[in-house]
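Next comes run.pdb, with PDB, C-alpha atoms.
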MODEL        1
ATOM      1  CA  MET A1000     -47.114 -15.428 -19.596
ATOM      2  CA  ASN A1001     -49.534 -14.323 -16.906
ATOM      3  CA  ARG A1002     -49.226 -10.913 -15.272
ATOM      4  CA  PRO A1003     -48.144 -11.964 -11.737
ATOM      5  CA  LEU A1004     -45.342 -14.106 -13.155
ATOM      6  CA  PHE A1005     -44.279 -11.333 -15.548
ATOM      7  CA  ALA A1006     -44.217  -8.808 -12.672
ATOM      8  CA  LEU A1007     -42.140 -11.173 -10.559
ATOM      9  CA  VAL A1008     -39.607 -11.686 -13.382
ATOM     10  CA  ALA A1009     -39.427  -7.909 -13.982
ATOM     11  CA  LEU A1010     -38.809  -7.199 -10.283
ATOM     12  CA  MET A1011     -36.129  -9.874 -10.079
ATOM     13  CA  THR A1012     -34.403  -8.430 -13.162
ATOM     14  CA  LEU A1013     -34.454  -4.922 -11.670
ATOM     15  CA  ALA A1014     -33.101  -6.187  -8.349
ATOM     16  CA  ALA A1015     -30.244  -7.980 -10.123
ATOM     17  CA  CYS A1016     -29.326  -4.780 -12.009
ATOM     18  CA  GLN A1017     -29.084  -2.636  -8.899
ATOM     19  CA  GLN A1018     -25.511  -1.700  -8.032
ATOM     20  CA  GLU A1019     -24.337  -2.240  -4.525
ATOM     21  CA  PRO A1020     -23.442   1.003  -2.755
ATOM     22  CA  ALA A1021     -19.740   1.738  -2.452
ATOM     23  CA  PRO A1022     -18.408   0.605   0.909
ATOM     24  CA  ALA A1023     -18.023   3.366   3.469
ATOM     25  CA  PRO A1024     -14.431   4.322   4.235
ATOM     26  CA  ALA A1025     -12.916   2.507   7.173
ATOM     27  CA  ALA A1026     -12.998   4.496  10.390
ATOM     28  CA  GLU A1027      -9.231   4.205  10.770
ATOM     29  CA  ILE A1028      -6.333   4.463   8.359
ATOM     30  CA  SER A1029      -4.740   1.095   7.602
ATOM     31  CA  VAL A1030      -1.802  -0.516   5.803
ATOM     32  CA  THR A1031      -1.961  -3.720   3.751
ATOM     33  CA  ASP A1032       0.180  -5.718   1.316
ATOM     34  CA  ALA A1033       3.472  -4.702   2.964
ATOM     35  CA  ILE A1034       6.467  -6.309   1.233
ATOM     36  CA  ILE A1035      10.178  -5.604   1.657
ATOM     37  CA  ARG A1036      12.388  -6.421  -1.297
ATOM     38  CA  LEU A1037      15.771  -7.154   0.269
ATOM     39  CA  ALA A1038      18.838  -5.599  -1.320
ATOM     40  CA  PRO A1039      20.744  -7.826  -3.736
ATOM     41  CA  VAL A1040      23.996  -6.846  -1.973
ATOM     42  CA  GLU A1041      24.260  -6.757   1.818
ATOM     43  CA  GLY A1042      24.727  -3.215   3.105
ATOM     44  CA  ARG A1043      22.715  -1.627   0.283
ATOM     45  CA  PRO A1044      19.197  -0.278   0.946
ATOM     46  CA  SER A1045      16.102  -2.443   0.705
ATOM     47  CA  ALA A1046      12.730  -1.178  -0.518
ATOM     48  CA  ALA A1047       9.250  -1.470   0.988
ATOM     49  CA  TYR A1048       6.037  -1.537  -1.030
ATOM     50  CA  LEU A1049       2.521  -1.411   0.429
ATOM     51  CA  THR A1050      -0.930   0.116   0.217
ATOM     52  CA  LEU A1051      -2.219   2.834   2.548
ATOM     53  CA  HIS A1052      -6.009   2.916   2.980
ATOM     54  CA  GLY A1053      -7.489   6.225   4.125
ATOM     55  CA  GLY A1054      -9.970   6.398   6.980
ATOM     56  CA  LYS A1055     -12.936   8.736   7.385
ATOM     57  CA  THR A1056     -10.702  11.810   7.447
ATOM     58  CA  PRO A1057      -7.621  12.698   5.389
ATOM     59  CA  ASP A1058      -4.229  12.167   7.015
ATOM     60  CA  ARG A1059      -0.548  12.313   6.117
ATOM     61  CA  LEU A1060       2.088   9.618   6.490
ATOM     62  CA  GLU A1061       5.070  11.283   8.128
ATOM     63  CA  ALA A1062       7.413   8.429   9.036
ATOM     64  CA  VAL A1063       8.050   4.709   8.872
ATOM     65  CA  THR A1064      10.300   3.004  11.425
ATOM     66  CA  SER A1065      11.474  -0.508  12.175
ATOM     67  CA  PRO A1066      13.746  -2.091  14.777
ATOM     68  CA  LYS A1067      15.282  -4.014  11.833
ATOM     69  CA  ALA A1068      16.457  -0.892   9.928
ATOM     70  CA  ALA A1069      18.669   2.003  11.003
ATOM     71  CA  THR A1070      16.598   4.532   9.034
ATOM     72  CA  ILE A1071      13.684   4.528   6.609
ATOM     73  CA  ASP A1072      13.114   7.285   4.054
ATOM     74  CA  LEU A1073      10.049   7.886   1.908
ATOM     75  CA  HIS A1074      10.869   8.306  -1.794
ATOM     76  CA  GLU A1075       9.120   8.949  -5.054
ATOM     77  CA  SER A1076      10.412   7.598  -8.355
ATOM     78  CA  LYS A1077       9.294   9.170 -11.605
ATOM     79  CA  MET A1078      10.333   9.372 -15.221
ATOM     80  CA  GLU A1079      11.780  12.749 -16.262
ATOM     81  CA  ASP A1080      13.224  13.404 -19.725
ATOM     82  CA  GLY A1081      13.510   9.687 -20.377
ATOM     83  CA  MET A1082      15.446   9.096 -17.142
ATOM     84  CA  MET A1083      14.148   7.591 -13.915
ATOM     85  CA  SER A1084      14.730   9.920 -10.976
ATOM     86  CA  MET A1085      14.134   9.478  -7.267
ATOM     87  CA  SER A1086      13.382  12.213  -4.760
ATOM     88  CA  LEU A1087      13.014  12.252  -0.986
ATOM     89  CA  LEU A1088       9.493  12.864   0.348
ATOM     90  CA  THR A1089       8.756  14.580   3.667
ATOM     91  CA  GLY A1090       5.379  12.853   3.831
ATOM     92  CA  VAL A1091       2.583  11.345   1.781
ATOM     93  CA  ASP A1092      -1.020  12.580   1.836
ATOM     94  CA  VAL A1093      -3.664   9.889   2.316
ATOM     95  CA  PRO A1094      -7.139  11.013   1.208
ATOM     96  CA  ALA A1095     -10.215  10.058   3.201
ATOM     97  CA  GLY A1096     -11.501   6.757   1.862
ATOM     98  CA  GLY A1097      -8.743   6.635  -0.762
ATOM     99  CA  ASP A1098      -5.769   4.382  -1.342
ATOM    100  CA  VAL A1099      -2.124   5.287  -1.855
ATOM    101  CA  VAL A1100      -0.041   2.548  -3.420
ATOM    102  CA  PHE A1101       3.689   2.287  -2.805
ATOM    103  CA  LYS A1102       5.124   0.317  -5.748
ATOM    104  CA  SER A1103       8.230  -0.083  -7.829
ATOM    105  CA  GLY A1104       8.575   2.962 -10.058
ATOM    106  CA  GLY A1105       6.445   5.141  -7.762
ATOM    107  CA  ASN A1106       6.249   5.915  -4.054
ATOM    108  CA  HIS A1107       8.264   3.519  -1.906
ATOM    109  CA  ALA A1108      10.149   3.394   1.382
ATOM    110  CA  MET A1109      13.930   2.864   1.401
ATOM    111  CA  LEU A1110      15.288   0.909   4.368
ATOM    112  CA  PHE A1111      18.902   1.691   5.195
ATOM    113  CA  GLY A1112      21.054  -0.344   7.563
ATOM    114  CA  MET A1113      18.870  -3.467   7.405
ATOM    115  CA  ASP A1114      19.638  -6.115   9.993
ATOM    116  CA  PRO A1115      21.611  -8.754   8.035
ATOM    117  CA  ALA A1116      19.746 -11.450   9.977
ATOM    118  CA  VAL A1117      16.567 -10.603   7.986
ATOM    119  CA  LYS A1118      16.184 -13.270   5.315
ATOM    120  CA  PRO A1119      13.508 -13.949   2.671
ATOM    121  CA  GLY A1120      10.288 -15.156   4.275
ATOM    122  CA  ALA A1121      10.841 -13.198   7.503
ATOM    123  CA  SER A1122       8.235 -10.795   8.841
ATOM    124  CA  VAL A1123       9.746  -7.349   9.418
ATOM    125  CA  PRO A1124       7.876  -5.074  11.855
ATOM    126  CA  LEU A1125       7.084  -1.623  10.449
ATOM    127  CA  THR A1126       5.468   1.278  12.307
ATOM    128  CA  PHE A1127       3.727   3.960  10.248
ATOM    129  CA  THR A1128       3.293   7.334  11.974
ATOM    130  CA  PHE A1129       0.685   9.773  10.689
ATOM    131  CA  GLN A1130       0.232  13.510  11.171
ATOM    132  CA  SER A1131      -2.905  12.825  13.247
ATOM    133  CA  GLY A1132      -0.766  10.964  15.791
ATOM    134  CA  LYS A1133      -2.130   7.587  14.679
ATOM    135  CA  LYS A1134       0.419   4.760  14.549
ATOM    136  CA  VAL A1135      -0.146   1.602  12.544
ATOM    137  CA  GLU A1136       2.061  -1.446  13.068
ATOM    138  CA  VAL A1137       2.290  -4.194  10.442
ATOM    139  CA  GLY A1138       4.559  -7.083   9.582
ATOM    140  CA  ALA A1139       6.081  -6.820   6.099
ATOM    141  CA  LYS A1140       7.085 -10.034   4.361
ATOM    142  CA  ALA A1141      10.718  -9.967   3.251
ATOM    143  CA  ILE A1142      11.413 -11.258  -0.259
ATOM    144  CA  ALA A1143      14.710 -11.740  -2.085
ATOM    145  CA  ALA A1144      15.874  -9.193  -4.650
ATOM    146  CA  GLY A1145      15.073 -11.503  -7.575
ATOM    147  CA  ASP A1146      11.724 -12.819  -6.302
ATOM    148  CA  GLU A1147       8.502 -11.932  -8.108
ATOM    149  CA  MET A1148       6.175  -9.536  -6.356
ATOM    150  CA  PRO A1149       2.967 -11.108  -5.035
ATOM    151  CA  MET A1150       0.041 -10.733  -7.456
ATOM    152  CA  ASN A1151      -1.734  -8.220  -5.201
ATOM    153  CA  MET A1152       1.312  -5.888  -5.392
ATOM    154  CA  GLU A1153       1.542  -5.772  -9.197
ATOM    155  CA  HIS A1154      -0.266  -2.482  -9.709
TER     156      HIS A1154
ENDMDL
END
What is this structure when it is put down as structure tokens?
Amino acid sequence: MNRPLFALVALMTLAACQQEPAPAPAAEISVTDAIIRLAPVEGRPSAAYLTLHGGKTPDRLEAVTSPKAATIDLHESKMEDGMMSMSLLTGVDVPAGGDVVFKSGGNHAMLFGMDPAVKPGASVPLTFTFQSGKKVEVGAKAIAAGDEMPMNMEH
């Protein structure tokens, strides 16, 4: 192999091995993958699962509201002494550039007094209020109690 060709192959190999830099955090906090699992029995609470994506600075989720629910509480589920327990959260810290996943068996939002007109497939408006004063509005897809979670929500 001649030298110029060898040098070209070596440079191409090095270029292919270079890792891409990690993406910079988004400038603003955001919410994705919002799903509401409707209660199996009308009148019981529903649960919301989602992912919070931190912006350039840390923030804290303080509240979630919806015109389709009377109240929404933030909860944390965890295993203690072989028993699953759930506790009320006053807020959830969102690190700069980091993600916080709300999933079954972990952090989640409980929706009380859901509008009975909300059926599977509906988009439920949710407003997330952060300590910084930022508000993020998203539509959460409603799914039935027995439906599988979308693949992107199986964390």
Checklist entry - In Å, how far is it from atom CA of Gly1145 of chain A to atom CA of Met1109 of chain A? => result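 Separation of atom CA of Gly1145 of chain A and atom CA of Met1109 of chain A: 17.0 Å.
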Next on the checklist: Please enumerate the residues selected by the PyMOL selection byres ((chain A and resi 1128) around 9) when evaluated against the supplied file, formatted as a PyMOL selection string.
Outcome noted: chain A and resi 1059-1064+1126-1127+1129-1136
Item to check | Residue neighbourhood segment 1034-1043 of chain A, 12 Å, only C-alpha atoms, exclusion window fewer than 4 positions, as an MDAnalysis selection string | outcome: chainID A and resid 1030 1047:1050 1065 1067:1069 1071 1100:1103 1107:1125 1137:1153
Write a file of the just-selected residues containing C-alpha atoms, as a JSON list (two decimals), in the coordinates of the input.
[["chain", "number", "residue", "atom", "x", "y", "z"],
["A", 1030, "VAL", "CA", -1.80, -0.52, 5.80],
["A", 1047, "ALA", "CA", 9.25, -1.47, 0.99],
["A", 1048, "TYR", "CA", 6.04, -1.54, -1.03],
["A", 1049, "LEU", "CA", 2.52, -1.41, 0.43],
["A", 1050, "THR", "CA", -0.93, 0.12, 0.22],
["A", 1065, "SER", "CA", 11.47, -0.51, 12.18],
["A", 1067, "LYS", "CA", 15.28, -4.01, 11.83],
["A", 1068, "ALA", "CA", 16.46, -0.89, 9.93],
["A", 1069, "ALA", "CA", 18.67, 2.00, 11.00],
["A", 1071, "ILE", "CA", 13.68, 4.53, 6.61],
["A", 1100, "VAL", "CA", -0.04, 2.55, -3.42],
["A", 1101, "PHE", "CA", 3.69, 2.29, -2.80],
["A", 1102, "LYS", "CA", 5.12, 0.32, -5.75],
["A", 1103, "SER", "CA", 8.23, -0.08, -7.83],
["A", 1107, "HIS", "CA", 8.26, 3.52, -1.91],
["A", 1108, "ALA", "CA", 10.15, 3.39, 1.38],
["A", 1109, "MET", "CA", 13.93, 2.86, 1.40],
["A", 1110, "LEU", "CA", 15.29, 0.91, 4.37],
["A", 1111, "PHE", "CA", 18.90, 1.69, 5.20],
["A", 1112, "GLY", "CA", 21.05, -0.34, 7.56],
["A", 1113, "MET", "CA", 18.87, -3.47, 7.40],
["A", 1114, "ASP", "CA", 19.64, -6.12, 9.99],
["A", 1115, "PRO", "CA", 21.61, -8.75, 8.04],
["A", 1116, "ALA", "CA", 19.75, -11.45, 9.98],
["A", 1117, "VAL", "CA", 16.57, -10.60, 7.99],
["A", 1118, "LYS", "CA", 16.18, -13.27, 5.32],
["A", 1119, "PRO", "CA", 13.51, -13.95, 2.67],
["A", 1120, "GLY", "CA", 10.29, -15.16, 4.28],
["A", 1121, "ALA", "CA", 10.84, -13.20, 7.50],
["A", 1122, "SER", "CA", 8.24, -10.80, 8.84],
["A", 1123, "VAL", "CA", 9.75, -7.35, 9.42],
["A", 1124, "PRO", "CA", 7.88, -5.07, 11.86],
["A", 1125, "LEU", "CA", 7.08, -1.62, 10.45],
["A", 1137, "VAL", "CA", 2.29, -4.19, 10.44],
["A", 1138, "GLY", "CA", 4.56, -7.08, 9.58],
["A", 1139, "ALA", "CA", 6.08, -6.82, 6.10],
["A", 1140, "LYS", "CA", 7.08, -10.03, 4.36],
["A", 1141, "ALA", "CA", 10.72, -9.97, 3.25],
["A", 1142, "ILE", "CA", 11.41, -11.26, -0.26],
["A", 1143, "ALA", "CA", 14.71, -11.74, -2.08],
["A", 1144, "ALA", "CA", 15.87, -9.19, -4.65],
["A", 1145, "GLY", "CA", 15.07, -11.50, -7.58],
["A", 1146, "ASP", "CA", 11.72, -12.82, -6.30],
["A", 1147, "GLU", "CA", 8.50, -11.93, -8.11],
["A", 1148, "MET", "CA", 6.18, -9.54, -6.36],
["A", 1149, "PRO", "CA", 2.97, -11.11, -5.04],
["A", 1150, "MET", "CA", 0.04, -10.73, -7.46],
["A", 1151, "ASN", "CA", -1.73, -8.22, -5.20],
["A", 1152, "MET", "CA", 1.31, -5.89, -5.39],
["A", 1153, "GLU", "CA", 1.54, -5.77, -9.20]]
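Atom CA of Met1085 of chain A to atom CA of Asp1032 of chain A spans 22.3 Å [interatomic distance, one decimal].
With all atoms listed in the file as the atoms that count, the minimum distance from Thr1031 of chain A to the choices A:Pro1066, A:Val1091, A:Asp1080, A:Val1099 is reached by A:Val1099.
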Checklist entry - Which distance in Å separates atom CA of Ala1033 of chain A and atom CA of Leu1051 of chain A, to one decimal? => result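 Atom-to-atom, atom CA of Ala1033 of chain A to atom CA of Leu1051 of chain A, that is 9.5 Å.
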Item to check | Non-local contacts of Val1093 of chain A (7 Å; only C-alpha atoms; under 4 positions in same chain excluded) as a count of residues only | outcome: 7
Checklist entry - Using all atoms listed in the file, what residues lie at most 6 Å away from (-6.3, 3.2, 8.1) (file coordinates), given as a PyMOL selection string? => result chain A and resi 1027-1029+1052-1054
Give, as lines of an AutoDock Vina configuration file, the centre coordinates and the x, y and z edge lengths in Å to one decimal for an axis-aligned box around all listed atoms of segment 1025-1042 of chain A, padded by 8 Å on each side.
center_x = 5.9
center_y = -1.7
center_z = 3.5
size_x = 53.7
size_y = 28.3
size_z = 30.5
Just add N, CA, C and O atoms to segment 1091-1104 of chain A and send it as a tab-separated table (two decimals), in the frame of the given file.
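The resulting result.tsv:
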chain	number	residue	atom	x	y	z
A	1091	VAL	N	3.48	11.76	2.86
A	1091	VAL	CA	2.58	11.34	1.78
A	1091	VAL	C	1.15	11.54	2.26
A	1091	VAL	O	0.75	11.00	3.29
A	1092	ASP	N	0.38	12.35	1.50
A	1092	ASP	CA	-1.02	12.58	1.84
A	1092	ASP	C	-1.84	11.33	1.55
A	1092	ASP	O	-1.66	10.68	0.52
A	1093	VAL	N	-2.77	11.03	2.47
A	1093	VAL	CA	-3.66	9.89	2.32
A	1093	VAL	C	-5.09	10.45	2.37
A	1093	VAL	O	-5.54	10.89	3.42
A	1094	PRO	N	-5.79	10.44	1.22
A	1094	PRO	CA	-7.14	11.01	1.21
A	1094	PRO	C	-8.13	10.16	1.98
A	1094	PRO	O	-7.96	8.93	2.09
A	1095	ALA	N	-9.15	10.79	2.51
A	1095	ALA	CA	-10.22	10.06	3.20
A	1095	ALA	C	-10.83	9.05	2.24
A	1095	ALA	O	-11.19	9.40	1.12
A	1096	GLY	N	-10.90	7.80	2.67
A	1096	GLY	CA	-11.50	6.76	1.86
A	1096	GLY	C	-10.71	6.35	0.63
A	1096	GLY	O	-11.16	5.52	-0.14
A	1097	GLY	N	-9.54	6.94	0.43
A	1097	GLY	CA	-8.74	6.64	-0.76
A	1097	GLY	C	-7.56	5.74	-0.45
A	1097	GLY	O	-7.23	5.50	0.72
A	1098	ASP	N	-6.94	5.23	-1.48
A	1098	ASP	CA	-5.77	4.38	-1.34
A	1098	ASP	C	-4.55	5.07	-1.93
A	1098	ASP	O	-4.66	5.78	-2.94
A	1099	VAL	N	-3.40	4.84	-1.32
A	1099	VAL	CA	-2.12	5.29	-1.86
A	1099	VAL	C	-1.25	4.05	-1.95
A	1099	VAL	O	-0.99	3.39	-0.95
A	1100	VAL	N	-0.82	3.75	-3.18
A	1100	VAL	CA	-0.04	2.55	-3.42
A	1100	VAL	C	1.44	2.91	-3.49
A	1100	VAL	O	1.83	3.83	-4.21
A	1101	PHE	N	2.24	2.18	-2.74
A	1101	PHE	CA	3.69	2.29	-2.80
A	1101	PHE	C	4.14	1.11	-3.66
A	1101	PHE	O	3.94	-0.05	-3.28
A	1102	LYS	N	4.74	1.39	-4.83
A	1102	LYS	CA	5.12	0.32	-5.75
A	1102	LYS	C	6.42	0.68	-6.45
A	1102	LYS	O	6.85	1.84	-6.44
A	1103	SER	N	7.02	-0.30	-7.06
A	1103	SER	CA	8.23	-0.08	-7.83
A	1103	SER	C	7.94	0.92	-8.93
A	1103	SER	O	6.92	0.83	-9.61
A	1104	GLY	N	8.79	1.92	-9.06
A	1104	GLY	CA	8.57	2.96	-10.06
A	1104	GLY	C	7.70	4.09	-9.58
A	1104	GLY	O	7.39	5.01	-10.34
